[in-house]
file structure-v3.cif (mmCIF, C-alpha atoms and all ligand atoms)
data_start
loop_
_atom_site.group_PDB
_atom_site.id
_atom_site.type_symbol
_atom_site.label_atom_id
_atom_site.label_comp_id
_atom_site.auth_asym_id
_atom_site.auth_seq_id
_atom_site.Cartn_x
_atom_site.Cartn_y
_atom_site.Cartn_z
ATOM 1 C CA MET A 1 7.835 23.374 22.747
ATOM 2 C CA GLY A 2 5.536 26.370 22.510
ATOM 3 C CA ALA A 3 1.877 26.409 21.502
ATOM 4 C CA GLY A 4 1.935 29.735 19.687
ATOM 5 C CA GLY A 5 2.212 30.837 16.062
ATOM 6 C CA LEU A 6 4.523 27.978 15.075
ATOM 7 C CA GLY A 7 3.382 25.377 17.582
ATOM 8 C CA CYS A 8 -0.314 25.581 16.657
ATOM 9 C CA PRO A 9 0.016 24.648 12.972
ATOM 10 C CA ALA A 10 2.819 22.169 13.700
ATOM 11 C CA ALA A 11 0.762 20.389 16.376
ATOM 12 C CA PHE A 12 -2.309 20.403 14.146
ATOM 13 C CA TYR A 13 -0.581 18.560 11.305
ATOM 14 C CA LEU A 14 1.137 16.140 13.668
ATOM 15 C CA ALA A 15 -2.083 15.301 15.496
ATOM 16 C CA ALA A 16 -3.997 14.974 12.221
ATOM 17 C CA ALA A 17 -1.237 12.670 10.925
ATOM 18 C CA GLY A 18 -1.880 10.390 13.896
ATOM 19 C CA LEU A 19 1.315 10.656 15.886
ATOM 20 C CA GLY A 20 1.197 8.421 18.915
ATOM 21 C CA ARG A 21 2.098 10.915 21.575
ATOM 22 C CA ILE A 22 2.535 14.683 21.433
ATOM 23 C CA THR A 23 3.837 16.598 24.419
ATOM 24 C CA LEU A 24 2.890 20.273 24.292
ATOM 25 C CA ALA A 25 4.518 22.744 26.667
ATOM 26 C CA ASP A 26 3.490 26.375 27.087
ATOM 27 C CA ALA A 27 2.862 28.493 30.168
ATOM 28 C CA ASP A 28 0.765 31.231 28.535
ATOM 29 C CA LYS A 29 -2.925 31.970 28.367
ATOM 30 C CA VAL A 30 -4.669 32.719 25.083
ATOM 31 C CA ASP A 31 -4.862 36.446 24.352
ATOM 32 C CA LEU A 32 -7.134 38.064 21.771
ATOM 33 C CA THR A 33 -4.064 39.309 19.851
ATOM 34 C CA ASN A 34 -2.900 35.694 19.380
ATOM 35 C CA LEU A 35 -5.833 34.682 17.230
ATOM 36 C CA GLN A 36 -4.521 35.954 13.866
ATOM 37 C CA ARG A 37 -1.785 33.296 13.885
ATOM 38 C CA GLN A 38 -2.371 30.797 16.684
ATOM 39 C CA ILE A 39 -4.862 28.780 14.728
ATOM 40 C CA LEU A 40 -5.884 26.246 17.354
ATOM 41 C CA TYR A 41 -7.655 28.979 19.329
ATOM 42 C CA ARG A 42 -11.022 30.666 18.925
ATOM 43 C CA THR A 43 -12.602 33.743 20.432
ATOM 44 C CA ASP A 44 -13.999 31.649 23.249
ATOM 45 C CA SER A 45 -10.484 30.353 24.008
ATOM 46 C CA VAL A 46 -9.350 33.805 25.166
ATOM 47 C CA GLY A 47 -8.250 33.620 28.787
ATOM 48 C CA ARG A 48 -7.826 29.833 28.808
ATOM 49 C CA GLN A 49 -4.475 28.146 29.255
ATOM 50 C CA LYS A 50 -3.048 27.575 25.778
ATOM 51 C CA VAL A 51 -2.235 23.919 26.376
ATOM 52 C CA ASP A 52 -5.796 23.209 27.523
ATOM 53 C CA ALA A 53 -7.392 24.953 24.537
ATOM 54 C CA ALA A 54 -4.867 23.279 22.218
ATOM 55 C CA ARG A 55 -5.628 19.857 23.635
ATOM 56 C CA ALA A 56 -9.355 20.310 22.998
ATOM 57 C CA ALA A 57 -8.748 21.457 19.419
ATOM 58 C CA LEU A 58 -6.293 18.650 18.641
ATOM 59 C CA ASN A 59 -8.440 15.953 20.202
ATOM 60 C CA ALA A 60 -11.365 17.198 18.139
ATOM 61 C CA VAL A 61 -9.291 16.441 15.028
ATOM 62 C CA ASN A 62 -7.904 13.164 16.314
ATOM 63 C CA PRO A 63 -9.154 11.775 19.632
ATOM 64 C CA GLU A 64 -6.670 8.896 19.476
ATOM 65 C CA VAL A 65 -3.538 10.985 19.873
ATOM 66 C CA ASP A 66 -2.077 10.822 23.355
ATOM 67 C CA LEU A 67 -1.617 14.497 24.267
ATOM 68 C CA VAL A 68 0.575 15.354 27.211
ATOM 69 C CA THR A 69 0.181 18.995 28.189
ATOM 70 C CA ILE A 70 2.666 20.887 30.299
ATOM 71 C CA ASN A 71 1.485 24.201 31.606
ATOM 72 C CA GLU A 72 4.809 25.642 32.688
ATOM 73 C CA ARG A 73 7.730 27.678 31.464
ATOM 74 C CA ILE A 74 10.447 25.174 30.659
ATOM 75 C CA GLU A 75 13.676 25.524 32.600
ATOM 76 C CA PRO A 76 16.858 23.679 31.536
ATOM 77 C CA ALA A 77 16.457 20.771 33.993
ATOM 78 C CA ARG A 78 12.885 20.207 32.839
ATOM 79 C CA ALA A 79 13.906 20.490 29.171
ATOM 80 C CA ASN A 80 16.468 17.790 29.795
ATOM 81 C CA GLU A 81 13.886 15.486 31.337
ATOM 82 C CA LEU A 82 11.301 16.034 28.579
ATOM 83 C CA VAL A 83 13.746 15.741 25.687
ATOM 84 C CA ALA A 84 15.076 12.437 27.060
ATOM 85 C CA LYS A 85 11.563 10.987 26.655
ATOM 86 C CA ALA A 86 10.895 12.353 23.154
ATOM 87 C CA ASP A 87 11.756 10.962 19.724
ATOM 88 C CA ILE A 88 11.841 14.381 18.034
ATOM 89 C CA VAL A 89 11.804 17.901 19.441
ATOM 90 C CA LEU A 90 10.131 20.838 17.709
ATOM 91 C CA ASP A 91 11.343 24.200 18.905
ATOM 92 C CA CYS A 92 8.362 26.516 18.428
ATOM 93 C CA SER A 93 9.428 28.840 21.239
ATOM 94 C CA ASP A 94 9.995 32.571 21.023
ATOM 95 C CA ASN A 95 13.065 33.170 23.179
ATOM 96 C CA PHE A 96 16.752 32.319 23.208
ATOM 97 C CA PRO A 97 17.002 30.838 26.731
ATOM 98 C CA THR A 98 14.418 28.190 25.819
ATOM 99 C CA ARG A 99 16.018 27.567 22.421
ATOM 100 C CA HIS A 100 19.414 27.030 23.992
ATOM 101 C CA ALA A 101 18.055 24.838 26.788
ATOM 102 C CA LEU A 102 16.327 22.613 24.224
ATOM 103 C CA ASN A 103 19.443 22.513 22.074
ATOM 104 C CA ARG A 104 21.641 21.451 24.986
ATOM 105 C CA ALA A 105 19.196 18.695 25.897
ATOM 106 C CA CYS A 106 18.968 17.515 22.272
ATOM 107 C CA VAL A 107 22.778 17.426 21.989
ATOM 108 C CA LYS A 108 23.023 15.475 25.238
ATOM 109 C CA HIS A 109 20.366 12.917 24.340
ATOM 110 C CA ARG A 110 21.134 12.913 20.583
ATOM 111 C CA LYS A 111 17.584 13.812 19.554
ATOM 112 C CA PRO A 112 16.691 15.544 16.284
ATOM 113 C CA LEU A 113 15.759 19.208 16.794
ATOM 114 C CA VAL A 114 13.410 20.870 14.312
ATOM 115 C CA SER A 115 13.904 24.564 14.820
ATOM 116 C CA GLY A 116 11.608 27.285 13.498
ATOM 117 C CA ALA A 117 11.500 31.028 13.964
ATOM 118 C CA ALA A 118 9.488 33.897 12.498
ATOM 119 C CA MET A 119 9.701 37.610 13.142
ATOM 120 C CA ARG A 120 8.113 40.439 11.184
ATOM 121 C CA PHE A 121 8.514 39.313 7.526
ATOM 122 C CA ASP A 122 11.513 37.039 8.107
ATOM 123 C CA ALA A 123 11.565 33.402 9.039
ATOM 124 C CA GLN A 124 13.872 30.433 9.191
ATOM 125 C CA LEU A 125 13.723 26.687 9.461
ATOM 126 C CA MET A 126 16.452 24.186 10.207
ATOM 127 C CA VAL A 127 16.715 20.572 11.288
ATOM 128 C CA PHE A 128 19.606 19.656 13.554
ATOM 129 C CA ASP A 129 19.831 15.893 13.248
ATOM 130 C CA LEU A 130 21.814 15.350 16.410
ATOM 131 C CA ARG A 131 21.614 11.567 16.060
ATOM 132 C CA LYS A 132 24.579 12.076 13.711
ATOM 133 C CA ALA A 133 27.968 12.797 15.263
ATOM 134 C CA ASP A 134 28.921 15.318 12.557
ATOM 135 C CA ALA A 135 25.652 17.301 12.695
ATOM 136 C CA PRO A 136 25.792 20.965 13.728
ATOM 137 C CA CYS A 137 23.735 22.091 16.703
ATOM 138 C CA TYR A 138 21.733 25.283 17.203
ATOM 139 C CA ALA A 139 24.644 26.839 19.106
ATOM 140 C CA CYS A 140 27.011 26.221 16.147
ATOM 141 C CA LEU A 141 24.780 28.673 14.297
ATOM 142 C CA PHE A 142 23.826 30.976 17.178
ATOM 143 C CA PRO A 143 26.406 30.717 19.997
ATOM 144 C CA GLU A 144 24.989 30.940 23.499
ATOM 145 C CA ASP A 145 27.212 33.911 24.296
ATOM 146 C CA GLY A 146 26.597 35.587 20.937
ATOM 147 C CA GLU A 147 25.109 39.026 20.688
ATOM 148 C CA VAL A 148 21.492 38.587 19.807
ATOM 149 C CA GLU A 149 18.676 41.000 19.653
ATOM 150 C CA GLU A 150 15.990 39.419 21.812
ATOM 151 C CA VAL A 151 12.729 40.581 20.306
ATOM 152 C CA GLN A 152 9.530 38.634 20.497
ATOM 153 C CA CYS A 153 6.503 38.523 18.264
ATOM 154 C CA SER A 154 4.403 39.815 21.122
ATOM 155 C CA VAL A 155 6.482 43.015 20.958
ATOM 156 C CA MET A 156 7.582 43.309 17.328
ATOM 157 C CA GLY A 157 4.750 41.586 15.524
ATOM 158 C CA VAL A 158 4.933 38.927 12.860
ATOM 159 C CA PHE A 159 3.255 38.409 9.508
ATOM 160 C CA ALA A 160 0.699 35.804 10.584
ATOM 161 C CA PRO A 161 0.628 33.501 7.519
ATOM 162 C CA LEU A 162 4.404 33.220 7.723
ATOM 163 C CA THR A 163 4.146 31.475 11.100
ATOM 164 C CA GLY A 164 1.700 29.044 9.477
ATOM 165 C CA VAL A 165 4.204 28.315 6.689
ATOM 166 C CA ILE A 166 7.087 27.659 9.059
ATOM 167 C CA GLY A 167 5.020 25.679 11.590
ATOM 168 C CA ALA A 168 3.689 23.452 8.799
ATOM 169 C CA MET A 169 7.243 22.945 7.545
ATOM 170 C CA GLN A 170 8.320 21.932 11.044
ATOM 171 C CA ALA A 171 5.591 19.279 11.056
ATOM 172 C CA MET A 172 6.727 18.173 7.600
ATOM 173 C CA GLU A 173 10.329 17.784 8.731
ATOM 174 C CA ALA A 174 9.247 15.926 11.880
ATOM 175 C CA ILE A 175 7.199 13.427 9.847
ATOM 176 C CA LYS A 176 10.106 12.990 7.403
ATOM 177 C CA LEU A 177 12.392 12.181 10.340
ATOM 178 C CA LEU A 178 9.901 9.770 11.907
ATOM 179 C CA VAL A 179 9.338 7.761 8.762
ATOM 180 C CA GLY A 180 12.817 8.178 7.287
ATOM 181 C CA ILE A 181 12.003 10.054 4.056
ATOM 182 C CA GLY A 182 14.648 12.092 2.253
ATOM 183 C CA GLU A 183 17.119 14.394 3.934
ATOM 184 C CA PRO A 184 16.460 16.814 6.779
ATOM 185 C CA SER A 185 16.298 20.467 5.764
ATOM 186 C CA GLY A 186 19.394 22.593 6.122
ATOM 187 C CA LEU A 187 19.027 26.236 7.090
ATOM 188 C CA SER A 188 16.241 27.768 5.003
ATOM 189 C CA MET A 189 15.434 31.442 5.291
ATOM 190 C CA VAL A 190 12.626 33.372 3.684
ATOM 191 C CA ASP A 191 11.845 37.038 3.319
ATOM 192 C CA ALA A 192 8.076 37.120 2.887
ATOM 193 C CA ARG A 193 8.193 40.601 1.325
ATOM 194 C CA ASN A 194 9.702 39.240 -1.890
ATOM 195 C CA GLY A 195 9.048 35.512 -1.403
ATOM 196 C CA GLU A 196 12.723 34.670 -1.760
ATOM 197 C CA TRP A 197 14.065 31.570 -0.055
ATOM 198 C CA ARG A 198 17.723 31.012 0.658
ATOM 199 C CA SER A 199 19.200 27.692 1.719
ATOM 200 C CA VAL A 200 22.529 27.256 3.425
ATOM 201 C CA ARG A 201 24.316 24.109 4.557
ATOM 202 C CA VAL A 202 25.558 24.713 8.086
ATOM 203 C CA LYS A 203 28.634 22.813 9.249
ATOM 204 C CA LYS A 204 29.396 21.737 12.773
ATOM 205 C CA ASP A 205 31.619 24.274 14.516
ATOM 206 C CA PRO A 206 34.524 22.355 16.099
ATOM 207 C CA GLY A 207 34.830 25.178 18.641
ATOM 208 C CA CYS A 208 31.151 25.055 19.632
ATOM 209 C CA LYS A 209 30.799 25.173 23.404
ATOM 210 C CA VAL A 210 27.752 22.912 23.343
ATOM 211 C CA CYS A 211 28.503 20.134 20.851
ATOM 212 C CA GLY A 212 32.228 20.605 20.104
ATOM 213 C CA LYS A 213 34.952 18.508 21.620
HETATM 214 ZN ZN ZN B 301 27.249 23.058 18.226
#
call {"tool": "encode", "arguments": {"input": "structure-v3.cif", "output": "structure tokens"}}
result
Amino acid sequence: MGAGGLGCPAAFYLAAAGLGRITLADADKVDLTNLQRQILYRTDSVGRQKVDAARAALNAVNPEVDLVTINERIEPARANELVAKADIVLDCSDNFPTRHALNRACVKHRKPLVSGAAMRFDAQLMVFDLRKADAPCYACLFPEDGEVEEVQCSVMGVFAPLTGVIGAMQAMEAIKLLVGIGEPSGLSMVDARNGEWRSVRVKKDPGCKVCGK
């Protein structure tokens, strides 16, 4: 979900790895200011729909990947429909309504959610393996009614290589899940200014309004 700073590198590695089918959803057009981090696009992509430009770039790397492109802003009902058909969901979006809609759908259909976010010099990664009954969901960490500061990269800016790091890690976690290697990542946070990573194990919140009973 999202073919921007996180979605571009994530989709690149997944397509290059030869995933069978990748569904890419994004309603935006490529803007010149996207090019420092949205690495599937080139100067001549400016003005094109992101999913169309992304499809061309990904098929150039691997023509055998079945790419499904969805040129629309994803509402909850649509998220539900798309998540039901997916094996793994990568949240590469930039806003809380989309994040929560994806989370609800992943909880409902018990699909693993690989969540990434980057803003300014801060970023985070976490896998919510919702196939497991005791796994936390995104709303255990960030409640839907919580007070959040909704700021987007398009407004606040983001350190471009950091989106590449997190997007590549999302692809890594997705491949791990698909082939069953190791353990999914807990919450990992990095401050790019000092290169310090922090990892936290997040527990399911029994009072969570989305996944709690
Ligand atoms: Zn929850």
call {"tool": "residues_near_ligand", "arguments": {"input": "structure-v3.cif", "ligand": "ligand ZN 301 (chain B)", "cutoff": "8 Å", "atoms": "all atoms listed in the file", "output": "ChimeraX atom specification"}}
result
/A:136-141,143,204-212
call {"tool": "resolve_selection", "arguments": {"input": "structure-v3.cif", "expression": "the PyMOL selection byres (((chain A and resi 74-83) around 9) and not hetatm)", "output": "JSON, numbers by chain"}}
result
{"A": [1, 23, 25, 26, 27, 70, 72, 73, 84, 85, 86, 87, 88, 89, 97, 98, 100, 101, 102, 104, 105, 106, 108, 109, 111]}
call {"tool": "residues_around", "arguments": {"input": "structure-v3.cif", "residues": "A:Gly157", "least_positions_apart": "2", "cutoff": "12 Å", "atoms": "all atoms listed in the file", "output": "mmCIF file with C-alpha atoms, in the coordinates of the input"}}
result
data_model
loop_
_atom_site.group_PDB
_atom_site.id
_atom_site.type_symbol
_atom_site.label_atom_id
_atom_site.label_comp_id
_atom_site.auth_asym_id
_atom_site.auth_seq_id
_atom_site.Cartn_x
_atom_site.Cartn_y
_atom_site.Cartn_z
ATOM 1 C CA GLY A 5 2.212 30.837 16.062
ATOM 2 C CA THR A 33 -4.064 39.309 19.851
ATOM 3 C CA ASN A 34 -2.900 35.694 19.380
ATOM 4 C CA GLN A 36 -4.521 35.954 13.866
ATOM 5 C CA ARG A 37 -1.785 33.296 13.885
ATOM 6 C CA ASP A 94 9.995 32.571 21.023
ATOM 7 C CA ALA A 118 9.488 33.897 12.498
ATOM 8 C CA MET A 119 9.701 37.610 13.142
ATOM 9 C CA ARG A 120 8.113 40.439 11.184
ATOM 10 C CA PHE A 121 8.514 39.313 7.526
ATOM 11 C CA ASP A 122 11.513 37.039 8.107
ATOM 12 C CA VAL A 151 12.729 40.581 20.306
ATOM 13 C CA GLN A 152 9.530 38.634 20.497
ATOM 14 C CA CYS A 153 6.503 38.523 18.264
ATOM 15 C CA SER A 154 4.403 39.815 21.122
ATOM 16 C CA VAL A 155 6.482 43.015 20.958
ATOM 17 C CA PHE A 159 3.255 38.409 9.508
ATOM 18 C CA ALA A 160 0.699 35.804 10.584
ATOM 19 C CA LEU A 162 4.404 33.220 7.723
ATOM 20 C CA THR A 163 4.146 31.475 11.100
#
call {"tool": "axis_aligned_box", "arguments": {"input": "structure-v3.cif", "around": "stretch 30-46 of chain A", "padding_each_side": "3 Å", "output": "AutoDock Vina command-line options"}}
result
--center_x -7.9 --center_y 32.8 --center_z 19.5 --size_x 18.2 --size_y 19.1 --size_z 17.3
call {"tool": "residues_around", "arguments": {"input": "structure-v3.cif", "residues": "stretch 179-195 of chain A", "least_positions_apart": "5", "cutoff": "10 Å", "atoms": "all atoms listed in the file", "output": "MDAnalysis selection string"}}
result
chainID A and resid 112 114:118 120:129 141 159 161:162 166 169:170 172:174 200:203
call {"tool": "resolve_selection", "arguments": {"input": "structure-v3.cif", "expression": "the PyMOL selection byres (((chain A and resi 10-20) around 7) and not hetatm)", "output": "number ranges by chain"}}
result
A: 6-9, 21-22, 58, 61-62, 65-66, 167-168, 170-171
call {"tool": "residues_around", "arguments": {"input": "structure-v3.cif", "residues": "A:Asn71", "least_positions_apart": "6", "cutoff": "10 Å", "atoms": "only C-alpha atoms", "output": "MDAnalysis selection string"}}
result
chainID A and resid 24:29 49:52
call {"tool": "atom_distance", "arguments": {"input": "structure-v3.cif", "atom1": "atom CA of A:Val30", "atom2": "atom CA of A:Leu90"}}
result
20.4 Å
call {"tool": "closest_residue", "arguments": {"input": "structure-v3.cif", "among": "A:Gly4, A:Ala54, A:Glu196, A:Asp134", "to": "A:Asp91", "atoms": "all atoms listed in the file"}}
result
A:Gly4
call {"tool": "closest_residue", "arguments": {"input": "structure-v3.cif", "among": "A:Leu67, A:Ala60, A:Val148, A:Ala135", "to": "A:Asn95", "atoms": "all atoms listed in the file"}}
result
A:Val148
call {"tool": "atom_distance", "arguments": {"input": "structure-v3.cif", "atom1": "atom CA of A:Met156", "atom2": "atom CA of A:Asn103"}}
result
24.4 Å
call {"tool": "atom_distance", "arguments": {"input": "structure-v3.cif", "atom1": "atom CA of A:Val158", "atom2": "atom CA of A:Arg99"}}
result
18.5 Å
